[in-house]
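Visitor: This one is work28.txt, compact mmCIF, C-alpha atoms and all ligand atoms.
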# COMPACT_ATOMS: atom_id res chain seq x y z
CA MET A 808 -10.99 -20.27 19.56
CA ARG A 809 -9.16 -16.92 19.54
CA GLU A 810 -10.95 -13.61 19.83
CA LEU A 811 -9.03 -12.04 16.95
CA ILE A 812 -6.61 -12.98 14.18
CA ILE A 813 -4.81 -10.25 12.25
CA ILE A 814 -3.29 -11.14 8.88
CA GLY A 815 -0.52 -8.85 7.58
CA GLY A 816 2.48 -7.19 9.24
CA GLY A 817 2.43 -3.70 7.68
CA PRO A 818 1.37 -0.49 9.44
CA ALA A 819 -2.33 -1.44 9.44
CA GLY A 820 -1.75 -4.92 10.87
CA LEU A 821 0.81 -3.67 13.41
CA ALA A 822 -1.52 -0.94 14.69
CA ALA A 823 -4.37 -3.44 14.97
CA ALA A 824 -2.14 -5.85 16.89
CA ALA A 825 -0.88 -3.12 19.24
CA PHE A 826 -4.49 -2.17 19.97
CA ALA A 827 -5.40 -5.81 20.65
CA VAL A 828 -2.47 -6.16 23.06
CA ARG A 829 -3.50 -3.04 24.95
CA LYS A 830 -7.07 -4.36 25.27
CA ARG A 831 -5.80 -7.79 26.41
CA MET A 832 -7.58 -9.50 23.56
CA ASP A 833 -6.72 -13.15 22.92
CA ALA A 834 -5.21 -12.33 19.54
CA LEU A 835 -2.92 -13.97 17.00
CA PHE A 836 -0.86 -12.12 14.46
CA ILE A 837 -0.06 -13.90 11.18
CA SER A 838 2.62 -12.42 8.92
CA PRO A 839 5.94 -13.58 7.50
CA GLY A 840 7.60 -10.29 8.55
CA LEU A 841 7.01 -6.99 10.31
CA GLY A 842 6.91 -3.61 8.58
CA GLY A 843 5.25 -4.34 5.23
CA ARG A 844 6.02 -1.85 2.46
CA THR A 845 7.67 0.60 4.85
CA ARG A 846 10.77 -1.59 4.81
CA ARG A 847 11.61 -0.17 1.40
CA ARG A 848 12.80 3.39 1.11
CA LEU A 849 13.73 5.64 -1.80
CA LEU A 850 17.36 6.75 -1.90
CA LEU A 851 18.16 10.07 -3.58
CA PRO A 852 21.57 11.72 -3.87
CA TRP A 853 20.31 15.13 -2.66
CA VAL A 854 18.28 13.94 0.35
CA ASP A 855 19.73 13.47 3.83
CA ASP A 856 18.06 11.40 6.54
CA TYR A 857 17.21 14.37 8.76
CA GLN A 858 15.04 15.90 6.00
CA VAL A 859 12.39 13.18 5.93
CA ILE A 860 9.93 11.43 8.21
CA VAL A 861 10.65 7.86 7.30
CA GLY A 862 7.73 5.40 7.26
CA ASP A 863 9.88 2.71 8.82
CA GLU A 864 10.71 4.98 11.77
CA THR A 865 7.06 5.92 12.18
CA ILE A 866 6.07 2.33 12.80
CA HIS A 867 9.19 1.39 14.78
CA ARG A 868 7.44 1.58 18.16
CA PHE A 869 4.53 -0.54 16.99
CA ARG A 870 6.96 -3.13 15.68
CA ALA A 871 9.04 -3.04 18.85
CA GLN A 872 5.91 -3.72 20.92
CA LEU A 873 5.32 -6.93 19.01
CA ASP A 874 8.93 -8.01 18.77
CA TYR A 875 8.82 -9.44 22.28
CA LEU A 876 5.25 -10.77 22.13
CA ASP A 877 6.40 -13.89 20.31
CA PHE A 878 3.65 -16.08 21.71
CA MET A 879 1.04 -14.23 19.68
CA ARG A 880 2.93 -14.40 16.38
CA VAL A 881 2.81 -16.90 13.54
CA ARG A 882 5.57 -16.26 10.99
CA ALA A 883 3.81 -17.62 7.94
CA HIS A 884 1.59 -16.75 5.01
CA ALA A 885 -2.12 -17.19 5.50
CA GLN A 886 -3.25 -19.43 2.66
CA HIS A 887 -6.93 -20.10 3.19
CA ILE A 888 -9.85 -18.74 5.18
CA GLU A 889 -13.09 -20.59 5.69
CA PRO A 890 -16.16 -19.57 7.66
CA ILE A 891 -16.94 -21.87 10.60
CA GLU A 892 -19.66 -21.71 13.23
CA ASP A 893 -19.31 -18.40 15.06
CA GLY A 894 -16.08 -17.40 13.32
CA TYR A 895 -13.36 -18.27 10.83
CA ARG A 896 -10.62 -20.89 10.34
CA VAL A 897 -7.30 -19.70 8.91
CA THR A 898 -4.86 -22.16 7.34
CA VAL A 899 -1.23 -21.01 7.08
CA SER A 900 1.63 -22.10 4.82
CA ASP A 901 2.77 -24.97 7.09
CA ARG A 902 -0.83 -26.32 7.09
CA HIS A 903 -1.52 -25.37 10.73
CA THR A 904 -5.04 -24.06 11.29
CA TYR A 905 -6.22 -21.40 13.73
CA ASP A 906 -9.82 -20.61 14.68
CA THR A 907 -11.04 -17.14 15.58
CA ARG A 908 -14.22 -15.19 16.22
CA THR A 909 -13.03 -12.11 14.35
CA LEU A 910 -10.52 -11.51 11.60
CA ILE A 911 -8.73 -8.42 10.32
CA ILE A 912 -7.28 -8.58 6.81
CA ALA A 913 -4.38 -6.14 6.43
CA THR A 914 -2.47 -7.69 3.54
CA GLY A 915 -1.69 -4.45 1.66
CA SER A 916 -1.22 -3.94 -2.06
CA ARG A 917 1.68 -3.75 -4.52
CA GLY A 918 2.47 -1.45 -7.42
CA GLU A 919 2.51 -2.85 -10.95
CA ARG A 920 6.09 -3.01 -12.13
CA LEU A 921 7.62 -1.98 -15.44
CA ASN A 922 9.36 -5.34 -15.96
CA VAL A 923 12.13 -3.81 -18.05
CA PRO A 924 15.94 -4.02 -17.93
CA GLY A 925 17.44 -1.84 -15.19
CA GLU A 926 14.37 -1.90 -12.95
CA ASP A 927 15.59 -4.50 -10.45
CA GLU A 928 19.02 -2.87 -10.09
CA LEU A 929 17.74 0.71 -9.72
CA GLU A 930 14.54 0.12 -7.76
CA MET A 931 14.40 2.56 -4.81
CA LYS A 932 17.55 4.26 -6.13
CA GLY A 933 15.91 7.20 -7.86
CA LEU A 934 13.24 4.86 -9.27
CA CYS A 935 10.16 4.38 -7.12
CA TYR A 936 6.48 3.59 -6.92
CA SER A 937 4.95 6.25 -4.66
CA ALA A 938 4.80 9.89 -5.76
CA MET A 939 2.43 10.53 -2.89
CA THR A 940 5.22 9.62 -0.48
CA TYR A 941 8.26 11.06 -2.21
CA GLY A 942 6.81 13.92 -4.28
CA PRO A 943 7.68 16.53 -1.62
CA LEU A 944 11.39 15.76 -2.10
CA MET A 945 11.29 16.84 -5.77
CA VAL A 946 11.58 20.61 -5.27
CA ASP A 947 12.86 22.14 -8.53
CA ARG A 948 13.76 18.71 -9.99
CA SER A 949 12.93 17.14 -13.33
CA VAL A 950 10.89 13.97 -12.96
CA VAL A 951 9.29 11.30 -15.13
CA VAL A 952 5.96 9.68 -14.27
CA VAL A 953 4.98 6.41 -15.97
CA GLY A 954 1.31 5.44 -16.30
CA SER A 955 -1.97 6.24 -18.01
CA GLU A 956 -4.61 6.01 -15.27
CA LEU A 957 -5.81 8.15 -12.37
CA LEU A 958 -2.84 7.24 -10.18
CA ALA A 959 -0.46 8.65 -12.79
CA LEU A 960 -2.60 11.76 -13.25
CA ARG A 961 -2.62 12.44 -9.53
CA ALA A 962 1.15 11.96 -9.41
CA VAL A 963 1.60 14.45 -12.27
CA ALA A 964 -0.73 16.96 -10.58
CA GLU A 965 1.10 16.64 -7.28
CA LEU A 966 4.59 16.78 -8.78
CA SER A 967 3.85 19.70 -11.12
CA ARG A 968 3.33 21.90 -8.05
CA ILE A 969 6.76 21.00 -6.70
CA ALA A 970 9.08 19.89 -9.48
CA ARG A 971 10.57 22.05 -12.23
CA GLU A 972 9.52 19.75 -15.06
CA VAL A 973 7.28 16.68 -15.20
CA THR A 974 7.22 14.30 -18.16
CA LEU A 975 4.41 11.78 -18.30
CA VAL A 976 5.13 8.62 -20.30
CA ALA A 977 1.77 7.05 -21.12
CA GLU A 978 1.38 3.90 -23.18
CA PHE A 979 -2.41 4.25 -23.42
CA ASN A 980 -4.91 7.12 -23.37
CA GLY A 981 -6.44 5.66 -20.20
CA ASP A 982 -7.81 8.53 -18.11
CA LEU A 983 -5.79 11.23 -19.86
CA ASP A 984 -8.65 12.60 -21.96
CA THR A 985 -10.92 13.25 -19.01
CA GLU A 986 -11.66 16.82 -17.96
CA ALA A 987 -9.30 16.50 -14.98
CA GLY A 988 -6.70 14.96 -17.28
CA ARG A 989 -6.80 17.91 -19.66
CA VAL A 990 -6.36 20.40 -16.80
CA ILE A 991 -3.52 18.48 -15.19
CA LEU A 992 -1.64 17.87 -18.43
CA GLY A 993 -2.17 21.51 -19.42
CA ALA A 994 0.14 22.80 -16.68
CA PRO A 995 3.06 24.77 -18.19
CA ASN A 996 5.75 22.50 -16.71
CA VAL A 997 4.11 19.21 -17.85
CA VAL A 998 4.93 17.33 -21.05
CA ALA A 999 2.95 14.22 -22.03
CA ARG A 1000 4.58 11.56 -24.22
CA ARG A 1001 1.56 9.51 -25.33
CA GLY A 1002 1.64 6.12 -27.02
CA CYS A 1003 5.10 5.53 -25.60
CA ARG A 1004 6.24 2.61 -23.49
CA VAL A 1005 9.25 2.36 -21.26
CA ILE A 1006 11.71 -0.25 -22.51
CA ALA A 1007 14.59 0.32 -20.05
CA VAL A 1008 15.71 2.36 -17.07
CA LYS A 1009 19.35 3.40 -16.89
CA GLY A 1010 21.70 5.08 -14.44
CA GLY A 1011 24.85 4.66 -12.36
CA SER A 1012 24.28 4.68 -8.61
CA TYR A 1013 20.83 6.21 -9.19
CA ALA A 1014 18.29 5.97 -12.02
CA ASP A 1015 18.61 9.01 -14.27
CA THR A 1016 17.39 7.97 -17.74
CA VAL A 1017 14.24 6.40 -19.14
CA VAL A 1018 14.44 4.72 -22.54
CA ILE A 1019 11.10 4.84 -24.34
CA GLU A 1020 9.71 3.53 -27.61
CA CYS A 1021 7.05 5.51 -29.47
CA ASN A 1022 5.68 4.00 -32.72
CA GLY A 1023 8.82 1.93 -33.15
CA VAL A 1024 11.16 4.90 -32.57
CA GLN A 1025 13.41 4.93 -29.52
CA ASP A 1026 14.11 8.02 -27.44
CA THR A 1027 15.62 8.79 -24.03
CA ILE A 1028 14.49 11.14 -21.27
CA SER A 1029 16.84 12.33 -18.54
CA ALA A 1030 15.38 12.90 -15.08
CA ASP A 1031 16.37 13.37 -11.45
CA SER A 1032 13.81 10.80 -10.40
CA ILE A 1033 11.36 8.34 -11.99
CA PHE A 1034 7.95 7.42 -10.60
CA VAL A 1035 6.12 4.31 -11.75
CA GLU A 1036 2.44 5.03 -11.17
CA LYS A 1037 0.68 2.15 -12.88
CA GLN A 1038 -2.05 0.05 -11.27
CA LEU A 1039 -2.07 -0.88 -7.61
CA ILE A 1040 -2.71 -4.58 -7.17
CA PRO A 1041 -4.36 -5.51 -3.86
CA ASN A 1042 -3.19 -8.66 -2.05
CA THR A 1043 -6.72 -9.98 -1.63
CA ALA A 1044 -6.69 -13.40 -3.33
CA LEU A 1045 -7.14 -14.84 0.17
CA VAL A 1046 -10.65 -13.43 0.53
CA GLU A 1047 -11.87 -13.71 -3.06
CA GLY A 1048 -15.38 -15.14 -2.98
CA LEU A 1049 -15.56 -14.60 0.77
CA VAL A 1050 -16.08 -10.83 1.01
CA GLU A 1051 -17.25 -8.18 -1.38
CA LEU A 1052 -14.45 -6.67 -3.47
CA ASP A 1053 -14.57 -3.60 -5.70
CA PRO A 1054 -13.96 -4.03 -9.47
CA CYS A 1055 -10.18 -3.69 -8.94
CA GLY A 1056 -10.10 -6.30 -6.18
CA PHE A 1057 -9.88 -4.03 -3.12
CA ILE A 1058 -11.94 -5.13 -0.10
CA LYS A 1059 -15.04 -3.00 0.36
CA VAL A 1060 -15.26 -1.63 3.91
CA ASP A 1061 -17.55 0.83 5.63
CA SER A 1062 -16.43 3.73 7.81
CA ARG A 1063 -15.74 1.29 10.67
CA ASN A 1064 -13.71 -1.10 8.56
CA ARG A 1065 -16.45 -3.73 8.43
CA THR A 1066 -16.69 -5.92 5.35
CA ASN A 1067 -20.02 -7.35 4.26
CA ARG A 1068 -19.29 -10.41 6.47
CA GLN A 1069 -19.99 -10.48 10.19
CA GLY A 1070 -16.81 -10.47 12.28
CA LEU A 1071 -14.55 -9.93 9.27
CA PHE A 1072 -12.80 -6.55 9.08
CA ALA A 1073 -10.14 -5.11 6.77
CA ALA A 1074 -7.66 -2.25 7.05
CA GLY A 1075 -5.02 -0.37 5.08
CA ASP A 1076 -3.98 -0.59 1.45
CA CYS A 1077 -5.93 -3.79 0.70
CA THR A 1078 -9.24 -1.91 1.19
CA ASP A 1079 -11.18 0.51 -0.98
CA ALA A 1080 -10.68 3.21 1.68
CA SER A 1081 -7.62 4.53 -0.21
CA ALA A 1082 -5.07 4.77 2.58
CA PHE A 1083 -1.71 4.43 0.78
CA GLN A 1084 0.29 6.18 3.50
CA VAL A 1085 1.75 4.84 6.73
CA LEU A 1086 -0.17 7.22 8.99
CA MET A 1087 -3.47 6.39 7.29
CA GLY A 1088 -2.68 2.68 7.52
CA LEU A 1089 -1.97 3.00 11.25
CA GLY A 1090 -5.26 4.79 11.89
CA ASP A 1091 -7.15 2.32 9.76
CA GLY A 1092 -5.68 -0.68 11.61
CA GLU A 1093 -6.55 0.81 14.96
CA LYS A 1094 -10.11 1.50 13.81
CA ALA A 1095 -10.56 -2.06 12.51
CA ALA A 1096 -9.30 -3.44 15.84
CA LEU A 1097 -11.76 -1.27 17.76
CA SER A 1098 -14.61 -2.60 15.60
CA ALA A 1099 -13.42 -6.19 16.19
CA PHE A 1100 -13.19 -5.52 19.93
CA ASP A 1101 -16.75 -4.15 20.04
CA TYR A 1102 -17.93 -7.17 18.07
CA VAL A 1103 -16.29 -9.57 20.53
CA LEU A 1104 -17.87 -7.67 23.42
CA GLY A 1105 -21.24 -8.42 21.87
CA LEU A 1106 -21.90 -4.96 20.54
CA PRO A 1107 -23.05 -5.89 17.05
CA VAL A 1108 -22.59 -2.38 15.74
CA ALA A 1109 -19.43 -0.58 16.81
CA ILE A 1110 -20.36 2.22 19.19
CA ALA A 1111 -20.56 5.61 17.54
CA PRO A 1112 -21.02 8.98 19.24
CA CYS A 1113 -24.57 9.13 17.93
CA GLU A 1114 -26.26 5.90 16.89
CA ASP A 1115 -29.99 5.52 16.11
C1 LIG B 1201 8.26 1.94 -2.20
C2 LIG B 1201 7.28 2.54 -1.22
C3 LIG B 1201 7.73 3.36 -0.21
C4 LIG B 1201 6.83 3.94 0.68
N1 LIG B 1201 7.31 4.76 1.66
C5 LIG B 1201 6.43 5.38 2.49
C6 LIG B 1201 6.88 6.30 3.50
O1 LIG B 1201 8.08 6.55 3.66
N2 LIG B 1201 5.94 6.93 4.26
C7 LIG B 1201 4.59 6.66 4.10
O2 LIG B 1201 3.76 7.26 4.81
N3 LIG B 1201 4.16 5.78 3.18
C8 LIG B 1201 5.03 5.12 2.38
N4 LIG B 1201 4.57 4.25 1.44
C9 LIG B 1201 3.18 3.82 1.47
C10 LIG B 1201 3.03 2.84 2.67
O3 LIG B 1201 4.17 1.98 2.73
C11 LIG B 1201 1.79 2.01 2.59
O4 LIG B 1201 0.65 2.85 2.44
C12 LIG B 1201 1.61 1.17 3.87
O5 LIG B 1201 2.74 0.36 4.08
C13 LIG B 1201 0.37 0.32 3.79
O6 LIG B 1201 0.26 -0.42 4.96
P1 LIG B 1201 -0.55 -1.78 5.00
O7 LIG B 1201 -0.37 -2.32 6.38
O8 LIG B 1201 -1.93 -1.57 4.53
O9 LIG B 1201 0.12 -2.75 3.91
P2 LIG B 1201 1.63 -3.22 3.67
O10 LIG B 1201 2.62 -2.28 4.24
O11 LIG B 1201 1.70 -3.52 2.22
O12 LIG B 1201 1.76 -4.57 4.50
C14 LIG B 1201 1.06 -5.73 4.15
C15 LIG B 1201 1.63 -6.89 4.94
O13 LIG B 1201 0.80 -8.04 4.75
C16 LIG B 1201 1.64 -9.18 4.56
N5 LIG B 1201 0.87 -10.16 3.81
C17 LIG B 1201 0.39 -10.07 2.54
N6 LIG B 1201 -0.29 -11.20 2.23
C18 LIG B 1201 -0.23 -11.99 3.33
C19 LIG B 1201 -0.75 -13.29 3.64
N7 LIG B 1201 -1.45 -14.02 2.76
N8 LIG B 1201 -0.49 -13.82 4.87
C20 LIG B 1201 0.22 -13.12 5.79
N9 LIG B 1201 0.74 -11.88 5.55
C21 LIG B 1201 0.50 -11.34 4.34
C22 LIG B 1201 2.86 -8.62 3.81
O14 LIG B 1201 3.96 -9.50 3.95
C23 LIG B 1201 3.05 -7.29 4.56
O15 LIG B 1201 3.79 -7.51 5.75
C24 LIG B 1201 5.45 3.66 0.55
C25 LIG B 1201 5.00 2.80 -0.46
C26 LIG B 1201 5.91 2.25 -1.34
C27 LIG B 1201 5.41 1.37 -2.45
What does the file become when written as structure tokens?
Guide:
Amino acid sequence: MRELIIIGGGPAGLAAAAFAVRKRMDALFISPGLGGRTRRRLLLPWVDDYQVIVGDETIHRFRAQLDYLDFMRVRAHAQHIEPIEDGYRVTVSDRHTYDTRTLIIATGSRGERLNVPGEDELEMKGLCYSAMTYGPLMVDRSVVVVGSELLALRAVAELSRIAREVTLVAEFNGDLDTEAGRVILGAPNVVARRGCRVIAVKGGSYADTVVIECNGVQDTISADSIFVEKQLIPNTALVEGLVELDPCGFIKVDSRNRTNRQGLFAAGDCTDASAFQVLMGLGDGEKAALSAFDYVLGLPVAIAPCED
């Protein structure tokens, strides 16, 4: 039986694995690839490489550390987890099983897509899914945000401080009529197109036009960049019924990344801790690994500076 299995190869999983290596834990790392969502990067005609801290570069060293530790890697999808005496059994896509005392779930989340013509071709070419990451690059630009919930509102709020003009395309009223919504949408450089859905994204080398339909009437909006800020969907099917999830399916964790199950920890974008950035994912993974380490050492509660 291993001491630790980490599932997921994004920033959270990589940081957890790097910690486990440093502590000489008998650990196994299960993920089809290394890098997670940081492997995708928004391309914009006015942005040069030297202007940005790229997520992929940030995690490069963590990835490099694992590249040569092949013996602790399983390149597969984890498909099933079952509790066993004193730990967990993980079954992967080729049906192999691995037993462990502790487990860290770091399977991330994914943004809901538009599913319209032009999206596949222009994805990450002016069209992206993370205003939190790329908002700072929109100085004095005109941008479109798509969505009706809190994520979209936050994106509009963030972008309206940076961009020249922000157009929100919202199919539903969602969270728009909340107090915060009224303040955010009341900014002088924000226009809200309610009851409108995106039916296509167009552009040449980069996305520059959104085609919308409002009450059966089509219209187009030109923009320097387009942000899809619909729901985030956590990759947590693996632990459904095993650990407590919030109403949207994110794994509930406490401040030390513990789930409600002994020996089972979670980190990064699959948790309700709202990370959603590489640096936060790295810190979260490291914290989860420290909790797993303490658990393996027989310290039932991770050591805190001041514990009753
Ligand atoms: C398009 C885009 C660009 C971004 N760019 C940046 C950026 O430049 N800078 C920044 O700070 N943030 C960026 N972010 C946010 C950042 O990428 C995420 O917050 C971060 O990657 C989350 O890390 P994570 O480890 O929690 O999950 P993820 O990065 O999503 O990684 C999850 C990993 O788990 C694996 N996995 C899932 N299910 C299973 C399973 N069943 N078995 C095994 N493995 C599994 C996946 O293959 C993946 O490797 C971006 C987000 C998006 C959407």
Visitor: Show me, as lines of an AutoDock Vina configuration file, the centre and edge lengths in Å to one decimal of the axis-aligned box that covers every listed atom of ligand LIG 1201 (chain B) with 5 Å on each side.
Guide:
center_x = 3.2
center_y = -3.4
center_z = 2.0
size_x = 20.2
size_y = 31.3
size_z = 18.8
Visitor: Given only C-alpha atoms as the basis, pick out the residue of A:Cys1003, A:Leu992, A:Met939, A:Ile891 nearest to A:Phe1083.
Guide: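 Closest candidate: A:Met939.
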Visitor: Would you mind reading off the distance between atom CA of A:Arg1000 and atom CA of A:Glu956, one decimal, in Å?
Guide: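 If I compute the distance from atom CA of A:Arg1000 to atom CA of A:Glu956, I get 14.0 Å.
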Visitor: Per residue of chain A within 6 Å of ligand LIG 1201 (chain B), what are the shortest atom pair and its distance in Å to one decimal, counting only C-alpha atoms and all ligand atoms, with rows by chain and residue number, as CSV?
Guide:
residue,atom,partner,partner_atom,distance
A:Ile814,CA,B:LIG1201,C20,5.1
A:Gly815,CA,B:LIG1201,O13,3.2
A:Gly816,CA,B:LIG1201,O15,3.7
A:Gly817,CA,B:LIG1201,O12,3.4
A:Pro818,CA,B:LIG1201,O7,4.0
A:Ala819,CA,B:LIG1201,O7,3.7
A:Gly820,CA,B:LIG1201,O7,5.4
A:Ile837,CA,B:LIG1201,C20,5.5
A:Ser838,CA,B:LIG1201,N9,3.9
A:Pro839,CA,B:LIG1201,O14,5.8
A:Gly840,CA,B:LIG1201,O15,5.5
A:Leu841,CA,B:LIG1201,O15,5.6
A:Gly842,CA,B:LIG1201,O15,5.7
A:Gly843,CA,B:LIG1201,O10,3.5
A:Arg844,CA,B:LIG1201,O10,3.9
A:Thr845,CA,B:LIG1201,O3,4.3
A:Arg847,CA,B:LIG1201,C1,5.4
A:Arg848,CA,B:LIG1201,C3,5.2
A:Val861,CA,B:LIG1201,O1,4.6
A:Gly862,CA,B:LIG1201,O1,3.8
A:His884,CA,B:LIG1201,N8,3.6
A:Ala885,CA,B:LIG1201,N8,3.8
A:Gln886,CA,B:LIG1201,N7,5.7
A:Ala913,CA,B:LIG1201,O8,5.5
A:Thr914,CA,B:LIG1201,O13,3.5
A:Gly915,CA,B:LIG1201,O9,3.4
A:Ser916,CA,B:LIG1201,O11,5.2
A:Cys935,CA,B:LIG1201,C1,5.8
A:Tyr936,CA,B:LIG1201,C27,5.1
A:Ser937,CA,B:LIG1201,C26,5.3
A:Thr940,CA,B:LIG1201,C5,5.3
A:Asn1042,CA,B:LIG1201,N6,5.8
A:Gly1075,CA,B:LIG1201,O8,3.4
A:Asp1076,CA,B:LIG1201,O8,3.8
A:Cys1077,CA,B:LIG1201,O8,6.0
A:Phe1083,CA,B:LIG1201,O4,3.3
A:Gln1084,CA,B:LIG1201,O4,3.5
A:Val1085,CA,B:LIG1201,O2,3.7
A:Leu1086,CA,B:LIG1201,O2,5.7
A:Gly1088,CA,B:LIG1201,O6,5.0
Visitor: Write out, as a JSON list (two decimals), in the coordinates of the input, the residues just selected, with C-alpha atoms.
Guide:
[["chain", "number", "residue", "atom", "x", "y", "z"],
["A", 814, "ILE", "CA", -3.29, -11.14, 8.88],
["A", 815, "GLY", "CA", -0.52, -8.85, 7.58],
["A", 816, "GLY", "CA", 2.48, -7.19, 9.24],
["A", 817, "GLY", "CA", 2.43, -3.70, 7.68],
["A", 818, "PRO", "CA", 1.37, -0.49, 9.44],
["A", 819, "ALA", "CA", -2.33, -1.44, 9.44],
["A", 820, "GLY", "CA", -1.75, -4.92, 10.87],
["A", 837, "ILE", "CA", -0.06, -13.90, 11.18],
["A", 838, "SER", "CA", 2.62, -12.42, 8.92],
["A", 839, "PRO", "CA", 5.94, -13.58, 7.50],
["A", 840, "GLY", "CA", 7.60, -10.29, 8.55],
["A", 841, "LEU", "CA", 7.01, -6.99, 10.31],
["A", 842, "GLY", "CA", 6.91, -3.61, 8.58],
["A", 843, "GLY", "CA", 5.25, -4.34, 5.23],
["A", 844, "ARG", "CA", 6.02, -1.85, 2.46],
["A", 845, "THR", "CA", 7.67, 0.60, 4.85],
["A", 847, "ARG", "CA", 11.61, -0.17, 1.40],
["A", 848, "ARG", "CA", 12.80, 3.39, 1.11],
["A", 861, "VAL", "CA", 10.65, 7.86, 7.30],
["A", 862, "GLY", "CA", 7.73, 5.40, 7.26],
["A", 884, "HIS", "CA", 1.59, -16.75, 5.01],
["A", 885, "ALA", "CA", -2.12, -17.19, 5.50],
["A", 886, "GLN", "CA", -3.25, -19.43, 2.66],
["A", 913, "ALA", "CA", -4.38, -6.14, 6.43],
["A", 914, "THR", "CA", -2.47, -7.69, 3.54],
["A", 915, "GLY", "CA", -1.69, -4.45, 1.66],
["A", 916, "SER", "CA", -1.22, -3.94, -2.06],
["A", 935, "CYS", "CA", 10.16, 4.38, -7.12],
["A", 936, "TYR", "CA", 6.48, 3.59, -6.92],
["A", 937, "SER", "CA", 4.95, 6.25, -4.66],
["A", 940, "THR", "CA", 5.22, 9.62, -0.48],
["A", 1042, "ASN", "CA", -3.19, -8.66, -2.05],
["A", 1075, "GLY", "CA", -5.02, -0.37, 5.08],
["A", 1076, "ASP", "CA", -3.98, -0.59, 1.45],
["A", 1077, "CYS", "CA", -5.93, -3.79, 0.70],
["A", 1083, "PHE", "CA", -1.71, 4.43, 0.78],
["A", 1084, "GLN", "CA", 0.29, 6.18, 3.50],
["A", 1085, "VAL", "CA", 1.75, 4.84, 6.73],
["A", 1086, "LEU", "CA", -0.17, 7.22, 8.99],
["A", 1088, "GLY", "CA", -2.68, 2.68, 7.52]]
Visitor: For a test of reading the model, state the distance in Å between atom CA of A:Ala964 and atom CA of A:Val1018, rounded to one decimal.
Guide: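 Distance between the two atoms: 22.9 Å.
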Visitor: Find the nearest atom pair between each residue of stretch 940-969 of chain A and stretch 976-984 of chain A for residues within 9 Å, count all atoms listed in the file, give distances in Å to one decimal, sort rows by chain and ascending number, and present the table as a Markdown table.
Guide:
| residue | atom | partner | partner_atom | distance |
| --- | --- | --- | --- | --- |
| A:Val951 | CA | A:Val976 | CA | 7.2 |
| A:Val952 | CA | A:Val976 | CA | 6.2 |
| A:Val953 | CA | A:Val976 | CA | 4.9 |
| A:Gly954 | CA | A:Ala977 | CA | 5.1 |
| A:Ser955 | CA | A:Ala977 | CA | 4.9 |
| A:Glu956 | CA | A:Asp982 | CA | 5.0 |
| A:Leu957 | CA | A:Asp982 | CA | 6.1 |
| A:Ala959 | CA | A:Ala977 | CA | 8.8 |
| A:Leu960 | CA | A:Leu983 | CA | 7.4 |
Visitor: In terms of the shortest atom-to-atom distance over all atoms listed in the file, which of A:Gly1070, A:Gly925, A:Gly1002, A:Gly1048 is closest to A:Val1103?
Guide: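 For A:Val1103, the nearest of the given residues is A:Gly1070.
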Visitor: With a distance cut-off of 7 Å and all atoms listed in the file, select the neighbouring residues of stretch 1012-1015 of chain A, excluding the residue or stretch itself and same-chain residues fewer than 6 positions from it, and output the selection as a list in words.
Guide: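 Surrounding residues, per the criterion: Leu929, Lys932, Gly933, Leu934, Ser1029, Ala1030, Asp1031 and Ser1032 of chain A.
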Visitor: Go through A:Glu926, A:Asp906, A:Glu965, A:Glu986 and flag the residue nearest A:Pro943, using all atoms listed in the file for the distances.
Guide: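 For A:Pro943, the nearest of the candidates is A:Glu965.
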Visitor: Applying 12 Å and only C-alpha atoms, which residues near A:Ala1095 remain after dropping the ones on its own chain fewer than 3 positions away? List them as a ChimeraX atom specification.
Guide: /A:811-813,819-827,909-913,1060-1066,1070-1075,1078,1088-1092,1098-1102,1109
